[in-house]
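For reference, the structure is listed below as C-alpha cells.
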Number of protein chains: 2
Amino acid sequence: MTNIKDLARMAGVSVTTVSRVLNNHPYVSEQKKVAVLRAIEESNYHKNINAVHLSKGKTQLIGVVLPYTDHSYFGQLLKGIAKQALEHNYKLVLFQTDYIESRELEALYMLKHKQIDSLIICSRTSNWSIIEEHLVYGTITLCENMINKKVSTTFVNHYEVFFDALEYLYSKGHSKIGYTIGRKSGTNSQNRERAYRDFHKKYNLPYNSYYIMDECLYFEDGEKVVKQLNDMDTPPTALLITSDQVAAGVVTCCQKHNISIPDQLSIIGFDNEPIAKMMNITSIEIPLEEMGKNLFLQAINDQVSNKEISVKLIQRKTV
Amino acid sequence: MTNIKDLARMAGVSVTTVSRVLNNHPYVSEQKKVAVLRAIEESNYHKNINAVHLSKGKTQLIGVVLPYTDHSYFGQLLKGIAKQALEHNYKLVLFQTDYIESRELEALYMLKHKQIDSLIICSRTSNWSIIEEHLVYGTITLCENMINKKVSTTFVNHYEVFFDALEYLYSKGHSKIGYTIGRKSGTNSQNRERAYRDFHKKYNLPYNSYYIMDECLYFEDGEKVVKQLNDMDTPPTALLITSDQVAAGVVTCCQKHNISIPDQLSIIGFDNEPIAKMMNITSIEIPLEEMGKNLFLQAINDQVSNKEISVKLIQRKTV
DNA sequence: TTGTATGCGTTATCAT
DNA sequence: ATGATAACGCATACAA
C-alpha cells in the first residue's frame, strides 16, 4: 500500500506538505496542493489509521459498557450512540458485561491504557470510587444522576419521575402499589426505591417490601410477576413496571389468568416503546435514542456536563 | 507512560530482550527474564496497543455489520459474538447499518484499509460481487448459505427448514398457509420463498403472493399482520412467522380480535425465544448465540469453512 | 542467548 | 510557504 512517502515522491514535494494537504492545514500553495491531490487520486491512497493513532496517541475508539445487547432498553441507547458515532467518525468498542464487574474493569483498563479515547457506561456494577480513579485517564460518561461528581452524565430524575407516577396512581385511588425493577443495586433503582419509601411516608401507607419485584427485564419475566402477585394475600392494585417489555408480559399473562386490567390491576410501563402503544399500555416515555445521542456527544467533549432528560406520561388504557 | 525503552534501561537489557519476554519468545535467560518482569511490575507498564498494531499491521479489531441493535435476533447473535471476542482478546467494532448500503460499504472500506482485521456480516444489503472484491483484504464471515463461494459462513438451511415446517402444517390439515418475513431481499428470505413456491407446486396448491407479509420485525408488527389477515377474503389458516417476537405480537393481537389460536389460525414462530415459551408458541429453535460464537471463530480463522446449524421444532400450543 | 538497527506510517517541531 | 527530521512504541531481521 502506498504511503505518504510515496505520495511525496510522486508529487515532488516533502512528506510534510503531503501531510498538510491530507489534514487541510494552511500554508500550502494551490499548485503543490493539486499535485498532491493528483497523486492521491492516482495511487488510490488511504491513510494508515494505526499510524495516525500511534502518532496522535488517540484511537477514535469509544468504549460502550452495557450489561445486555439483547435488551431493548440498551438496544435503543446503543442505537442513539451508534448513530452519532457514525456521524462523528468514531468507532464503538462494545463491552457486554452481563453485570460481571471484571468485564467493566476491562473497559476501564483499556481507557487507562489509551486503547480507547473515551468510555460510555450505560449501566455499571463497579463502585464509584473505581470510576473516579479512572477519570484522569480519559472522559467517562455515565447514564445516571451523578451531579456534583465531575463526570459527564445524561440521566433521568428517576426519583421525581417515580414519585410523580406514584402520586398519579394514588390520585386514581390506589394505595397498594408495587413495582418491578431490573436489578436493585443500581443508582437509578436506589433513587426509585427512595421515592417509593418517601411516597409511603408522605401518605402514611404501609410499606411492603414484597411489593418490590426484582430482576424483571424481559417480556417473559411478566409471568414471574403475575405468579408472585397470585401468591400474595393482599396483592397490589397497581404496578409500576420499569420496562414496557415486562409490562407487556404482565398484561399478556393477566389475560391468561383472567385478571382484568385496569379494574383489578393498573399498570404503568416505562420507555414508551412501540409495544406499549400496540398493547395500549400507559407508559412513561423516555427518549432513549436521544439519551444515547447525548451520551456520545458528551463522550467526545472534554468539558464535564450533566443533562437531565425530561420524560412524559403517556396515558392509555392500563390505568 | 513507560515504554519498552524504559524497561530495557531499568532491567539493564536491550529492548529486544524486553520484547521477547513481553511476547513469550524463547531464548532469554531466566535471570534477565526476572529482571524484566520486575521492571514491568515496578513501573506498572502496559503495552501501547497502537504501536503494536502499527508494527504488526493488525488491529485485534473485528467489525460486526448488522442492521439493528435493538432487534432480538441480532441482539442474540451479537451476544454470542461478543462473548467469544472477550475470550479471544478481540474488540468488536459495530456497524449498525439500518440496511443502508453505504454503511456496509464503510465496514468493507475499513477492512480494505486494515482498520479492522476481519469482518462479520450478520445481514447484508450489498451485492455478492462487492463482498467478493473485498475478500482479498481480509476474512469476511457471512450468516447465510454461500457454499461454494470461498467465504466462511455459519447458516441455517432455511429452504429445508421452511419446507419442513410447511409440510408439518400441511400434515395438520392446512393448505392455506402464509408467512411473514423481515425483508424480502435477503438470501435467507429468498431461500424461504423458494421453499414456499416449491411446496405449493408439490401439492398443487394455489400460490397467493399476498399471503407473504413483508417487514415484520418487532412485536408490534403483529398488529399489522392481523390487520392484513382481516382484510383478506380467504385468509390463511396457518402462518409461519420468522420471528417469535412478531409471533407473540400476532398471538396477542388475535386475542384482542377474538381470533382463536390454533382453531382459526395456527402459528409457528422462529428462534424459540423465551417469549415463545412463555406464550406457548410453537417455534423453530435456532441457536443464535451458538451461531454468533461460530461466526466469531471463523472470523479469526484463515481457513474458509462453512457450518450448517441444525434447528429443532418445539411443539407447543399454537398449531 | 543477546543486542543493534531498522521499519511501520503518521504527525509535530523547528529551522529556513 | 516548505522541508528535514524527530518522535510515537513496538517488532524483528540480522549480526554477534
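Letters A, B, ... go to the chains of the C-alpha cells in the order shown; residues in each chain start at 1; ligands are counted from 1 in the same order.
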
Near chain B, 8 Å: chain C residue rows, closest pairs, only C-alpha atoms (C1' of nucleotides), as CSV:
```
residue,atom,partner,partner_atom,distance
C:DT1,C1',B:Tyr27,CA,5.6
C:DT2,C1',B:Thr17,CA,7.3
C:DG3,C1',B:Ser14,CA,6.1
C:DC8,C1',B:Ser55,CA,4.9
C:DG9,C1',B:Leu54,CA,7.9
```

Go through chain D residue by residue and, counting only C-alpha atoms (C1' of nucleotides), keep those with an atom at most 8 Å from chain B; for each kept residue give the shortest atom pair and its distance in Å to one decimal, ordered by chain and increasing number, as CSV.
```
residue,atom,partner,partner_atom,distance
D:DC8,C1',B:Ala51,CA,7.7
D:DG9,C1',B:Ala51,CA,5.0
D:DC10,C1',B:Ala51,CA,5.4
D:DA11,C1',B:Ser55,CA,6.1
```

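Shortest separation to Thr252 of chain B among A:Leu265, A:Leu108, A:Val21, A:Ile275 occurs at residue A:Ile275, atoms counted being only C-alpha atoms.
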
Item to complete: Please identify every residue of chain A that has at least one atom no more than 9 Å from any atom of chain B, counting only C-alpha atoms, and report them as a VMD selection string.
Response: chain A and resid 1 46 to 51 53 to 55 57 to 59 61 68 to 79 82 to 83 86 91 to 96 103 113 to 115 218 to 223 249 252 to 253 274 to 279

Per-residue DSSP, segment 78-317 of chain A, filtered to alpha helix (DSSP H), as a short mmCIF file (atom, residue, chain, number, x, y, z; two decimals) with N, CA and C atoms, in the first residue's frame:
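See part11.cif below for the written result:
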```
data_model
loop_
_atom_site.label_atom_id
_atom_site.label_comp_id
_atom_site.auth_asym_id
_atom_site.auth_seq_id
_atom_site.Cartn_x
_atom_site.Cartn_y
_atom_site.Cartn_z
N LEU A 78 -27.99 2.17 22.63
CA LEU A 78 -26.88 1.87 21.73
C LEU A 78 -27.14 2.42 20.33
N LYS A 79 -28.38 2.33 19.92
CA LYS A 79 -28.76 2.85 18.61
C LYS A 79 -28.43 4.34 18.51
N GLY A 80 -28.81 5.07 19.55
CA GLY A 80 -28.53 6.51 19.58
C GLY A 80 -27.04 6.80 19.59
N ILE A 81 -26.33 6.04 20.36
CA ILE A 81 -24.88 6.21 20.42
C ILE A 81 -24.24 5.89 19.07
N ALA A 82 -24.66 4.79 18.49
CA ALA A 82 -24.07 4.32 17.24
C ALA A 82 -24.28 5.32 16.10
N LYS A 83 -25.46 5.91 16.07
CA LYS A 83 -25.74 6.88 15.01
C LYS A 83 -24.79 8.07 15.08
N GLN A 84 -24.58 8.56 16.28
CA GLN A 84 -23.68 9.69 16.45
C GLN A 84 -22.24 9.30 16.14
N ALA A 85 -21.87 8.12 16.56
CA ALA A 85 -20.51 7.64 16.31
C ALA A 85 -20.23 7.66 14.82
N LEU A 86 -21.20 7.21 14.08
CA LEU A 86 -21.08 7.19 12.63
C LEU A 86 -20.85 8.60 12.09
N GLU A 87 -21.66 9.51 12.55
CA GLU A 87 -21.58 10.89 12.06
C GLU A 87 -20.24 11.55 12.40
N GLU A 101 -18.35 -7.65 37.02
CA GLU A 101 -17.51 -6.49 37.25
C GLU A 101 -16.20 -6.52 36.47
N SER A 102 -15.62 -7.71 36.38
CA SER A 102 -14.32 -7.80 35.71
C SER A 102 -14.37 -7.29 34.28
N ARG A 103 -15.51 -7.47 33.64
CA ARG A 103 -15.64 -7.02 32.25
C ARG A 103 -15.70 -5.51 32.17
N GLU A 104 -16.30 -4.94 33.19
CA GLU A 104 -16.36 -3.48 33.25
C GLU A 104 -14.95 -2.94 33.53
N LEU A 105 -14.24 -3.64 34.36
CA LEU A 105 -12.88 -3.22 34.67
C LEU A 105 -12.00 -3.28 33.43
N GLU A 106 -12.27 -4.26 32.61
CA GLU A 106 -11.53 -4.39 31.36
C GLU A 106 -11.67 -3.14 30.50
N ALA A 107 -12.87 -2.60 30.49
CA ALA A 107 -13.12 -1.37 29.74
C ALA A 107 -12.35 -0.20 30.36
N LEU A 108 -12.40 -0.13 31.67
CA LEU A 108 -11.67 0.92 32.38
C LEU A 108 -10.17 0.79 32.11
N TYR A 109 -9.74 -0.45 32.10
CA TYR A 109 -8.35 -0.75 31.83
C TYR A 109 -7.94 -0.24 30.45
N MET A 110 -8.79 -0.47 29.49
CA MET A 110 -8.48 -0.01 28.13
C MET A 110 -8.43 1.50 28.05
N LEU A 111 -9.29 2.14 28.81
CA LEU A 111 -9.25 3.61 28.84
C LEU A 111 -7.92 4.07 29.42
N LYS A 112 -7.56 3.43 30.50
CA LYS A 112 -6.33 3.78 31.19
C LYS A 112 -5.13 3.66 30.26
N TRP A 128 -18.27 3.65 42.60
CA TRP A 128 -17.96 4.98 42.13
C TRP A 128 -16.48 5.30 42.31
N SER A 129 -15.91 4.83 43.39
CA SER A 129 -14.51 5.15 43.66
C SER A 129 -13.59 4.61 42.55
N ILE A 130 -13.96 3.48 42.00
CA ILE A 130 -13.16 2.91 40.92
C ILE A 130 -13.28 3.76 39.66
N ILE A 131 -14.52 4.15 39.37
CA ILE A 131 -14.74 5.04 38.22
C ILE A 131 -13.89 6.30 38.41
N GLU A 132 -14.00 6.84 39.59
CA GLU A 132 -13.34 8.10 39.91
C GLU A 132 -11.83 8.01 39.67
N GLU A 133 -11.26 6.93 40.07
CA GLU A 133 -9.82 6.70 39.86
C GLU A 133 -9.43 6.82 38.39
N HIS A 134 -10.33 6.40 37.53
CA HIS A 134 -10.00 6.34 36.10
C HIS A 134 -10.32 7.62 35.35
N HIS A 158 -34.99 9.86 38.18
CA HIS A 158 -35.86 8.74 38.46
C HIS A 158 -36.63 8.89 39.78
N TYR A 159 -36.03 9.62 40.69
CA TYR A 159 -36.73 9.85 41.96
C TYR A 159 -38.03 10.60 41.70
N GLU A 160 -37.89 11.70 41.02
CA GLU A 160 -39.05 12.56 40.74
C GLU A 160 -40.09 11.84 39.88
N VAL A 161 -39.59 11.19 38.82
CA VAL A 161 -40.50 10.51 37.90
C VAL A 161 -41.29 9.42 38.64
N PHE A 162 -40.57 8.70 39.46
CA PHE A 162 -41.23 7.63 40.20
C PHE A 162 -42.25 8.19 41.18
N PHE A 163 -41.82 9.22 41.85
CA PHE A 163 -42.71 9.84 42.85
C PHE A 163 -43.98 10.35 42.17
N ASP A 164 -43.80 11.02 41.07
CA ASP A 164 -44.95 11.55 40.33
C ASP A 164 -45.89 10.43 39.88
N ALA A 165 -45.28 9.37 39.40
CA ALA A 165 -46.09 8.25 38.93
C ALA A 165 -46.90 7.65 40.08
N LEU A 166 -46.24 7.56 41.23
CA LEU A 166 -46.94 7.03 42.41
C LEU A 166 -48.08 7.95 42.81
N GLU A 167 -47.80 9.22 42.78
CA GLU A 167 -48.84 10.21 43.11
C GLU A 167 -50.02 10.07 42.14
N TYR A 168 -49.69 9.88 40.91
CA TYR A 168 -50.72 9.74 39.88
C TYR A 168 -51.63 8.54 40.17
N LEU A 169 -50.98 7.44 40.50
CA LEU A 169 -51.76 6.24 40.82
C LEU A 169 -52.59 6.46 42.08
N TYR A 170 -51.99 7.16 43.02
CA TYR A 170 -52.68 7.46 44.29
C TYR A 170 -53.93 8.30 44.01
N SER A 171 -53.77 9.25 43.11
CA SER A 171 -54.90 10.12 42.75
C SER A 171 -56.01 9.33 42.06
N THR A 187 -27.83 2.81 40.81
CA THR A 187 -28.18 4.13 41.33
C THR A 187 -29.63 4.48 40.99
N ASN A 188 -29.98 4.24 39.75
CA ASN A 188 -31.34 4.57 39.32
C ASN A 188 -32.37 3.81 40.15
N SER A 189 -32.09 2.56 40.41
CA SER A 189 -33.00 1.75 41.20
C SER A 189 -33.11 2.29 42.62
N GLN A 190 -31.97 2.68 43.14
CA GLN A 190 -31.98 3.18 44.51
C GLN A 190 -32.77 4.48 44.63
N ASN A 191 -32.66 5.31 43.61
CA ASN A 191 -33.45 6.54 43.61
C ASN A 191 -34.94 6.24 43.57
N ARG A 192 -35.27 5.24 42.82
CA ARG A 192 -36.68 4.87 42.74
C ARG A 192 -37.16 4.31 44.07
N GLU A 193 -36.30 3.52 44.68
CA GLU A 193 -36.71 2.96 45.97
C GLU A 193 -36.91 4.07 47.00
N ARG A 194 -36.04 5.05 46.93
CA ARG A 194 -36.16 6.19 47.84
C ARG A 194 -37.50 6.91 47.60
N ALA A 195 -37.82 7.09 46.35
CA ALA A 195 -39.10 7.73 46.02
C ALA A 195 -40.25 6.89 46.57
N TYR A 196 -40.09 5.60 46.43
CA TYR A 196 -41.14 4.67 46.88
C TYR A 196 -41.34 4.77 48.39
N ARG A 197 -40.22 4.82 49.09
CA ARG A 197 -40.31 4.94 50.55
C ARG A 197 -40.91 6.29 50.95
N ASP A 198 -40.41 7.32 50.34
CA ASP A 198 -40.89 8.67 50.68
C ASP A 198 -42.38 8.82 50.40
N PHE A 199 -42.80 8.22 49.32
CA PHE A 199 -44.22 8.26 48.97
C PHE A 199 -45.06 7.62 50.07
N HIS A 200 -44.61 6.47 50.51
CA HIS A 200 -45.36 5.76 51.56
C HIS A 200 -45.37 6.54 52.86
N LYS A 201 -44.25 7.20 53.11
CA LYS A 201 -44.16 8.01 54.32
C LYS A 201 -45.13 9.19 54.23
N LYS A 202 -45.11 9.83 53.10
CA LYS A 202 -45.94 11.02 52.89
C LYS A 202 -47.41 10.73 53.15
N ASP A 221 -40.50 -12.21 31.75
CA ASP A 221 -40.48 -12.03 33.20
C ASP A 221 -41.86 -11.61 33.73
N GLY A 222 -42.72 -11.22 32.81
CA GLY A 222 -44.08 -10.86 33.21
C GLY A 222 -44.77 -12.01 33.91
N GLU A 223 -44.44 -13.20 33.48
CA GLU A 223 -45.04 -14.40 34.06
C GLU A 223 -44.69 -14.50 35.55
N LYS A 224 -43.44 -14.29 35.81
CA LYS A 224 -42.94 -14.33 37.18
C LYS A 224 -43.69 -13.33 38.05
N VAL A 225 -43.89 -12.16 37.51
CA VAL A 225 -44.56 -11.09 38.26
C VAL A 225 -45.98 -11.51 38.63
N VAL A 226 -46.69 -12.00 37.64
CA VAL A 226 -48.08 -12.39 37.88
C VAL A 226 -48.14 -13.53 38.89
N LYS A 227 -47.21 -14.43 38.78
CA LYS A 227 -47.15 -15.54 39.74
C LYS A 227 -46.97 -15.00 41.16
N GLN A 228 -46.05 -14.09 41.29
CA GLN A 228 -45.82 -13.50 42.63
C GLN A 228 -47.05 -12.78 43.13
N LEU A 229 -47.72 -12.11 42.23
CA LEU A 229 -48.95 -11.41 42.60
C LEU A 229 -49.99 -12.40 43.12
N ASN A 230 -50.10 -13.49 42.42
CA ASN A 230 -51.08 -14.51 42.79
C ASN A 230 -50.81 -15.12 44.16
N ASP A 244 -41.35 -1.49 29.41
CA ASP A 244 -42.57 -1.82 28.68
C ASP A 244 -42.60 -3.27 28.26
N GLN A 245 -41.44 -3.81 28.02
CA GLN A 245 -41.37 -5.23 27.67
C GLN A 245 -42.02 -6.07 28.76
N VAL A 246 -41.57 -5.83 29.98
CA VAL A 246 -42.10 -6.58 31.11
C VAL A 246 -43.58 -6.26 31.29
N ALA A 247 -43.91 -4.98 31.14
CA ALA A 247 -45.31 -4.58 31.29
C ALA A 247 -46.19 -5.36 30.31
N ALA A 248 -45.71 -5.47 29.08
CA ALA A 248 -46.45 -6.21 28.07
C ALA A 248 -46.59 -7.68 28.48
N GLY A 249 -45.54 -8.21 29.04
CA GLY A 249 -45.58 -9.59 29.51
C GLY A 249 -46.60 -9.76 30.62
N VAL A 250 -46.65 -8.79 31.52
CA VAL A 250 -47.60 -8.85 32.64
C VAL A 250 -49.03 -8.78 32.10
N VAL A 251 -49.25 -7.85 31.19
CA VAL A 251 -50.59 -7.70 30.61
C VAL A 251 -51.02 -9.00 29.94
N THR A 252 -50.13 -9.57 29.16
CA THR A 252 -50.42 -10.82 28.48
C THR A 252 -50.77 -11.93 29.46
N CYS A 253 -49.96 -12.00 30.50
CA CYS A 253 -50.15 -13.06 31.49
C CYS A 253 -51.44 -12.85 32.28
N CYS A 254 -51.78 -11.61 32.51
CA CYS A 254 -53.00 -11.32 33.25
C CYS A 254 -54.22 -11.80 32.46
N GLN A 255 -54.15 -11.61 31.17
CA GLN A 255 -55.26 -12.09 30.34
C GLN A 255 -55.44 -13.59 30.51
N LYS A 256 -54.31 -14.29 30.50
CA LYS A 256 -54.36 -15.74 30.68
C LYS A 256 -55.02 -16.11 32.01
N PRO A 274 -42.73 0.91 21.29
CA PRO A 274 -43.84 0.60 20.39
C PRO A 274 -44.79 -0.46 20.94
N ILE A 275 -44.23 -1.41 21.65
CA ILE A 275 -45.06 -2.48 22.19
C ILE A 275 -46.10 -1.92 23.16
N ALA A 276 -45.77 -0.85 23.84
CA ALA A 276 -46.71 -0.23 24.78
C ALA A 276 -47.87 0.40 24.03
N LYS A 277 -47.55 1.01 22.94
CA LYS A 277 -48.60 1.62 22.13
C LYS A 277 -49.53 0.55 21.59
N MET A 278 -48.92 -0.47 21.06
CA MET A 278 -49.72 -1.53 20.47
C MET A 278 -50.65 -2.17 21.48
N LEU A 288 -34.88 7.31 24.75
CA LEU A 288 -33.62 6.59 24.91
C LEU A 288 -32.62 6.89 23.80
N GLU A 289 -33.13 6.95 22.59
CA GLU A 289 -32.20 7.22 21.49
C GLU A 289 -31.56 8.59 21.66
N GLU A 290 -32.36 9.54 22.08
CA GLU A 290 -31.84 10.88 22.31
C GLU A 290 -30.81 10.86 23.45
N MET A 291 -31.08 10.06 24.44
CA MET A 291 -30.11 9.95 25.53
C MET A 291 -28.80 9.38 25.02
N GLY A 292 -28.91 8.38 24.17
CA GLY A 292 -27.73 7.78 23.59
C GLY A 292 -26.92 8.81 22.80
N LYS A 293 -27.65 9.60 22.05
CA LYS A 293 -27.02 10.66 21.27
C LYS A 293 -26.25 11.61 22.18
N ASN A 294 -26.90 12.01 23.23
CA ASN A 294 -26.27 12.95 24.15
C ASN A 294 -25.07 12.34 24.86
N LEU A 295 -25.19 11.09 25.22
CA LEU A 295 -24.08 10.38 25.86
C LEU A 295 -22.85 10.42 24.96
N PHE A 296 -23.08 10.16 23.69
CA PHE A 296 -21.95 10.16 22.77
C PHE A 296 -21.31 11.54 22.67
N LEU A 297 -22.16 12.54 22.52
CA LEU A 297 -21.65 13.90 22.39
C LEU A 297 -20.84 14.30 23.63
N GLN A 298 -21.28 13.88 24.77
CA GLN A 298 -20.52 14.16 25.99
C GLN A 298 -19.21 13.40 25.99
N ALA A 299 -19.27 12.20 25.45
CA ALA A 299 -18.08 11.34 25.47
C ALA A 299 -16.93 11.95 24.67
#
```

Worksheet item: How many Å lie between atom CA of Ser310 of chain A and atom CA of Ser185 of chain A, rounded to one decimal?
Response: 23.0 Å

Worksheet item: Could you pull the residues within 8 Å of Asn157 of chain B, counting only C-alpha atoms (C1' of nucleotides), minus those fewer than 6 positions along the same chain, as a list of chain:residue names?
Response: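 Selected residues are B:Asn145, B:Glu308, B:Ile309, B:Ser310.
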
Print the selection's residues with N, CA and C atoms to a file, as a short mmCIF file (atom, residue, chain, number, x, y, z; two decimals), in the first residue's frame.
```
data_model
loop_
_atom_site.label_atom_id
_atom_site.label_comp_id
_atom_site.auth_asym_id
_atom_site.auth_seq_id
_atom_site.Cartn_x
_atom_site.Cartn_y
_atom_site.Cartn_z
N ASN B 145 -26.24 -19.04 3.62
CA ASN B 145 -25.71 -20.16 2.86
C ASN B 145 -25.03 -19.67 1.58
N GLU B 308 -23.26 -25.58 8.74
CA GLU B 308 -24.72 -25.55 8.77
C GLU B 308 -25.18 -25.83 10.19
N ILE B 309 -26.05 -25.00 10.65
CA ILE B 309 -26.58 -25.15 12.01
C ILE B 309 -27.93 -25.86 11.93
N SER B 310 -28.10 -26.86 12.76
CA SER B 310 -29.38 -27.56 12.71
C SER B 310 -30.36 -26.99 13.72
#
```

Worksheet item: Suppose you want the space between atom CA of Asp98 of chain A and atom CA of Gly186 of chain A; what is it in Å?
Response: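 If I compute the distance from atom CA of Asp98 of chain A to atom CA of Gly186 of chain A, I get 13.7 Å.
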
Practice prompt. Could you check how far atom CA of Ser43 of chain B sits from atom CA of Ile116 of chain A, in Å to one decimal?
Written response: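 Atom-to-atom, atom CA of Ser43 of chain B and atom CA of Ile116 of chain A are spaced 21.2 Å apart.
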
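Excluding Gln303 of chain A itself and same-chain residues fewer than 3 positions from it, the residues having an atom within 12 Å of it are Gly138, Thr139, Ile140, Thr141, Lys150, Val151, Ser152, Thr153, Leu297, Gln298, Ala299, Ile300 and Asn306 of chain A, counting only C-alpha atoms (C1' of nucleotides).
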
Selected residues written out with N, CA and C atoms, as a short mmCIF file (atom, residue, chain, number, x, y, z; two decimals), in the first residue's frame:
```cif
data_model
loop_
_atom_site.label_atom_id
_atom_site.label_comp_id
_atom_site.auth_asym_id
_atom_site.auth_seq_id
_atom_site.Cartn_x
_atom_site.Cartn_y
_atom_site.Cartn_z
N GLY A 138 -9.17 9.62 31.06
CA GLY A 138 -9.99 9.96 29.89
C GLY A 138 -11.42 10.24 30.32
N THR A 139 -12.19 10.69 29.38
CA THR A 139 -13.58 11.02 29.67
C THR A 139 -14.41 9.76 29.92
N ILE A 140 -15.16 9.81 30.98
CA ILE A 140 -16.11 8.73 31.25
C ILE A 140 -17.50 9.36 31.33
N THR A 141 -18.43 8.76 30.65
CA THR A 141 -19.78 9.32 30.64
C THR A 141 -20.76 8.30 31.21
N LYS A 150 -18.16 15.52 38.91
CA LYS A 150 -17.09 15.68 37.92
C LYS A 150 -17.04 14.58 36.86
N VAL A 151 -18.17 14.02 36.57
CA VAL A 151 -18.30 13.16 35.38
C VAL A 151 -19.45 13.70 34.56
N SER A 152 -19.35 13.51 33.27
CA SER A 152 -20.48 13.87 32.43
C SER A 152 -21.56 12.81 32.57
N THR A 153 -22.78 13.28 32.60
CA THR A 153 -23.90 12.35 32.75
C THR A 153 -25.09 12.79 31.90
N LEU A 297 -22.16 12.54 22.52
CA LEU A 297 -21.65 13.90 22.39
C LEU A 297 -20.84 14.30 23.63
N GLN A 298 -21.28 13.88 24.77
CA GLN A 298 -20.52 14.16 25.99
C GLN A 298 -19.21 13.40 25.99
N ALA A 299 -19.27 12.20 25.45
CA ALA A 299 -18.08 11.34 25.47
C ALA A 299 -16.93 11.95 24.67
N ILE A 300 -17.27 12.68 23.62
CA ILE A 300 -16.20 13.25 22.80
C ILE A 300 -15.92 14.71 23.17
N ASN A 306 -23.75 17.86 32.65
CA ASN A 306 -24.79 16.98 33.17
C ASN A 306 -26.13 17.36 32.56
#
```

Item to complete: From segment 103-252 of chain A, collect each residue whose DSSP state is strand (DSSP E or B) and return the set as a PyMOL selection string.
Response: chain A and resi 118-121+139-142+152-156+177-180+212-213+238-241
